[in-house]
Amino acid sequence: MARTTGGAQRLAERLGLELADRALLQQALSHRSWCAEQGGVPSNERLEFLGDAVLGLAVAEFCYRHFPDMPEGELAKVRAAVVNARVLAEVAERLEIGPAILLGKGEEASGGRTKPSILADAVEAVIGAVYLDVGWPAAERLVLGLLGDRIGRAAAEPGDFDQKGLLQELTVRHGSGIPRYVVVGTGPDHDRQFEAVVFVNGVQRGAGSGGTKKDAEQEAARQALHELRAEQRGA
């Protein structure tokens, strides 16, 4: 068990956490593929479920209190810009969570340590573990410490994080109509991955992937925006 406890210990140190029950953090790093190979020990899925709720509440309460004049629709945009698989995967990379995740042999061989869905799920599970171990104040501090800067940027320009909306504004303004998205999902239900492509005037302009259909479409729109804006600058 040296390998498993070492990963949790180093992560706790990077987060600056003093935990009473290190086993919870260990569980947060335990992917279901590894747990199956160990005879069915508990995976991080239940902690992920809890952490998702804690994360959403922490971000929503922060936005509610710090942006009192922001309407509900804009608050929702800010939260969506922060609470999504792409952002959480970036957080996981920054914290070097990937090397600490316990994966089954098959998932390891398929590059599971770099899959955004697995990384994002692990971050949520870690938040859930912290909440159970040391309570709401510590979990809230963790969430805001990891995402506070991004919340501020999203609040400054909520629309900038809605890539689909920005793309549609651009294409309609230039007479190219409404973008059309094609999304394909692959993989088992517990680890679904989505690939999206976006067409403008019948021409593919962007492609993206993500753990949800929405994330994949947003990434495809982001790529399309970059391409179309580059063309306009060069025109």
# chains A, B, ... in the order shown; residues from 1 in each chain; ligands from 1
>>> select_by_dssp(residues="region 86-191 of chain A", states="alpha helix (DSSP H)", output="VMD selection string")
chain A and resid 86 to 95 105 to 109 116 to 134 136 to 156 163 to 173
>>> write_last_selection(atoms="C-alpha atoms", output="PDB file, in the first residue's frame")
ATOM      1  CA  ARG A  86     -12.581  21.132 -18.743  1.00  0.00           C
ATOM      2  CA  VAL A  87     -11.796  23.581 -15.949  1.00  0.00           C
ATOM      3  CA  LEU A  88     -11.597  20.869 -13.306  1.00  0.00           C
ATOM      4  CA  ALA A  89      -9.244  18.835 -15.489  1.00  0.00           C
ATOM      5  CA  GLU A  90      -6.983  21.898 -15.719  1.00  0.00           C
ATOM      6  CA  VAL A  91      -7.075  22.172 -11.926  1.00  0.00           C
ATOM      7  CA  ALA A  92      -6.142  18.497 -11.651  1.00  0.00           C
ATOM      8  CA  GLU A  93      -3.160  18.999 -13.936  1.00  0.00           C
ATOM      9  CA  ARG A  94      -2.002  21.975 -11.898  1.00  0.00           C
ATOM     10  CA  LEU A  95      -2.221  19.906  -8.716  1.00  0.00           C
ATOM     11  CA  LYS A 105      -4.408  -1.931 -15.947  1.00  0.00           C
ATOM     12  CA  GLY A 106      -6.733  -1.380 -18.890  1.00  0.00           C
ATOM     13  CA  GLU A 107      -7.455   2.230 -18.003  1.00  0.00           C
ATOM     14  CA  GLU A 108      -3.775   2.843 -17.388  1.00  0.00           C
ATOM     15  CA  ALA A 109      -2.885   1.461 -20.810  1.00  0.00           C
ATOM     16  CA  PRO A 116     -10.293  15.053 -18.657  1.00  0.00           C
ATOM     17  CA  SER A 117     -13.298  13.141 -17.321  1.00  0.00           C
ATOM     18  CA  ILE A 118     -11.197  11.041 -14.932  1.00  0.00           C
ATOM     19  CA  LEU A 119      -9.190  14.067 -13.782  1.00  0.00           C
ATOM     20  CA  ALA A 120     -12.306  16.187 -13.238  1.00  0.00           C
ATOM     21  CA  ASP A 121     -14.041  13.395 -11.329  1.00  0.00           C
ATOM     22  CA  ALA A 122     -11.005  13.033  -9.073  1.00  0.00           C
ATOM     23  CA  VAL A 123     -11.029  16.747  -8.231  1.00  0.00           C
ATOM     24  CA  GLU A 124     -14.704  16.562  -7.269  1.00  0.00           C
ATOM     25  CA  ALA A 125     -14.016  13.460  -5.184  1.00  0.00           C
ATOM     26  CA  VAL A 126     -11.162  15.223  -3.382  1.00  0.00           C
ATOM     27  CA  ILE A 127     -13.506  18.119  -2.565  1.00  0.00           C
ATOM     28  CA  GLY A 128     -16.042  15.619  -1.231  1.00  0.00           C
ATOM     29  CA  ALA A 129     -13.395  13.928   0.896  1.00  0.00           C
ATOM     30  CA  VAL A 130     -12.261  17.237   2.378  1.00  0.00           C
ATOM     31  CA  TYR A 131     -15.856  18.181   3.188  1.00  0.00           C
ATOM     32  CA  LEU A 132     -16.486  14.895   5.011  1.00  0.00           C
ATOM     33  CA  ASP A 133     -13.177  14.990   6.856  1.00  0.00           C
ATOM     34  CA  VAL A 134     -12.816  18.586   8.007  1.00  0.00           C
ATOM     35  CA  TRP A 136     -17.648  22.992   5.072  1.00  0.00           C
ATOM     36  CA  PRO A 137     -15.279  25.890   5.899  1.00  0.00           C
ATOM     37  CA  ALA A 138     -12.223  23.913   4.790  1.00  0.00           C
ATOM     38  CA  ALA A 139     -13.960  22.592   1.688  1.00  0.00           C
ATOM     39  CA  GLU A 140     -15.129  26.101   0.761  1.00  0.00           C
ATOM     40  CA  ARG A 141     -11.614  27.493   1.232  1.00  0.00           C
ATOM     41  CA  LEU A 142     -10.254  24.726  -0.979  1.00  0.00           C
ATOM     42  CA  VAL A 143     -12.755  25.413  -3.774  1.00  0.00           C
ATOM     43  CA  LEU A 144     -12.209  29.162  -3.712  1.00  0.00           C
ATOM     44  CA  GLY A 145      -8.461  28.743  -3.481  1.00  0.00           C
ATOM     45  CA  LEU A 146      -8.477  26.587  -6.597  1.00  0.00           C
ATOM     46  CA  LEU A 147     -11.042  28.552  -8.592  1.00  0.00           C
ATOM     47  CA  GLY A 148     -11.218  32.067  -7.140  1.00  0.00           C
ATOM     48  CA  ASP A 149      -9.191  33.724  -9.912  1.00  0.00           C
ATOM     49  CA  ARG A 150     -11.211  32.018 -12.604  1.00  0.00           C
ATOM     50  CA  ILE A 151     -14.486  33.059 -10.943  1.00  0.00           C
ATOM     51  CA  GLY A 152     -13.292  36.659 -11.004  1.00  0.00           C
ATOM     52  CA  ARG A 153     -12.412  36.502 -14.699  1.00  0.00           C
ATOM     53  CA  ALA A 154     -15.741  34.877 -15.539  1.00  0.00           C
ATOM     54  CA  ALA A 155     -17.646  37.496 -13.568  1.00  0.00           C
ATOM     55  CA  ALA A 156     -15.851  40.308 -15.387  1.00  0.00           C
ATOM     56  CA  GLN A 163     -18.178  30.029 -26.734  1.00  0.00           C
ATOM     57  CA  LYS A 164     -21.300  28.725 -28.491  1.00  0.00           C
ATOM     58  CA  GLY A 165     -23.100  32.003 -27.936  1.00  0.00           C
ATOM     59  CA  LEU A 166     -20.134  34.044 -29.148  1.00  0.00           C
ATOM     60  CA  LEU A 167     -19.767  31.874 -32.244  1.00  0.00           C
ATOM     61  CA  GLN A 168     -23.445  32.245 -33.121  1.00  0.00           C
ATOM     62  CA  GLU A 169     -23.257  36.020 -32.681  1.00  0.00           C
ATOM     63  CA  LEU A 170     -20.294  36.123 -35.056  1.00  0.00           C
ATOM     64  CA  THR A 171     -21.765  33.880 -37.747  1.00  0.00           C
ATOM     65  CA  VAL A 172     -25.182  35.557 -37.729  1.00  0.00           C
ATOM     66  CA  ARG A 173     -23.594  39.002 -37.862  1.00  0.00           C
TER      67      ARG A 173
END
>>> closest_residue(among="A:Leu102, A:Leu50, A:Val183, A:Leu29", to="Glu217 (chain A)", atoms="only C-alpha atoms")
A:Val183
>>> atom_distance(atom1="CA of Leu11 (chain A)", atom2="CA of Ala100 (chain A)")
7.8 Å
>>> select_by_dssp(residues="region 26-197 of chain A", states="strand (DSSP E)", output="list in words")
Arg180, Tyr181, Val182, Val183, Val184, Gly185, Thr186, Gln193, Phe194, Glu195, Ala196 and Val197 of chain A
>>> write_last_selection(atoms="C-alpha atoms", output="CSV table (one decimal), in the first residue's frame")
chain,number,residue,atom,x,y,z
A,180,ARG,CA,-24.7,23.3,-36.7
A,181,TYR,CA,-23.2,20.8,-34.2
A,182,VAL,CA,-22.8,17.0,-34.6
A,183,VAL,CA,-21.9,15.2,-31.4
A,184,VAL,CA,-21.0,11.5,-31.0
A,185,GLY,CA,-20.7,9.8,-27.6
A,186,THR,CA,-18.4,6.8,-27.0
A,193,GLN,CA,-16.7,10.7,-23.8
A,194,PHE,CA,-18.1,13.1,-26.4
A,195,GLU,CA,-16.7,14.3,-29.7
A,196,ALA,CA,-18.2,17.3,-31.4
A,197,VAL,CA,-17.7,19.1,-34.7
>>> residues_around(residues="Glu219 (chain A)", least_positions_apart="5", cutoff="7 Å", atoms="only C-alpha atoms", output="PyMOL selection string")
chain A and resi 207-209
>>> closest_residue(among="A:Ala8, A:Leu103, A:Leu55, A:Glu13", to="Leu25 (chain A)", atoms="only C-alpha atoms")
A:Ala8
>>> atom_distance(atom1="CA of Gly6 (chain A)", atom2="CA of Phe49 (chain A)")
24.5 Å
>>> atom_distance(atom1="CA of Thr212 (chain A)", atom2="CA of Tyr64 (chain A)")
25.9 Å
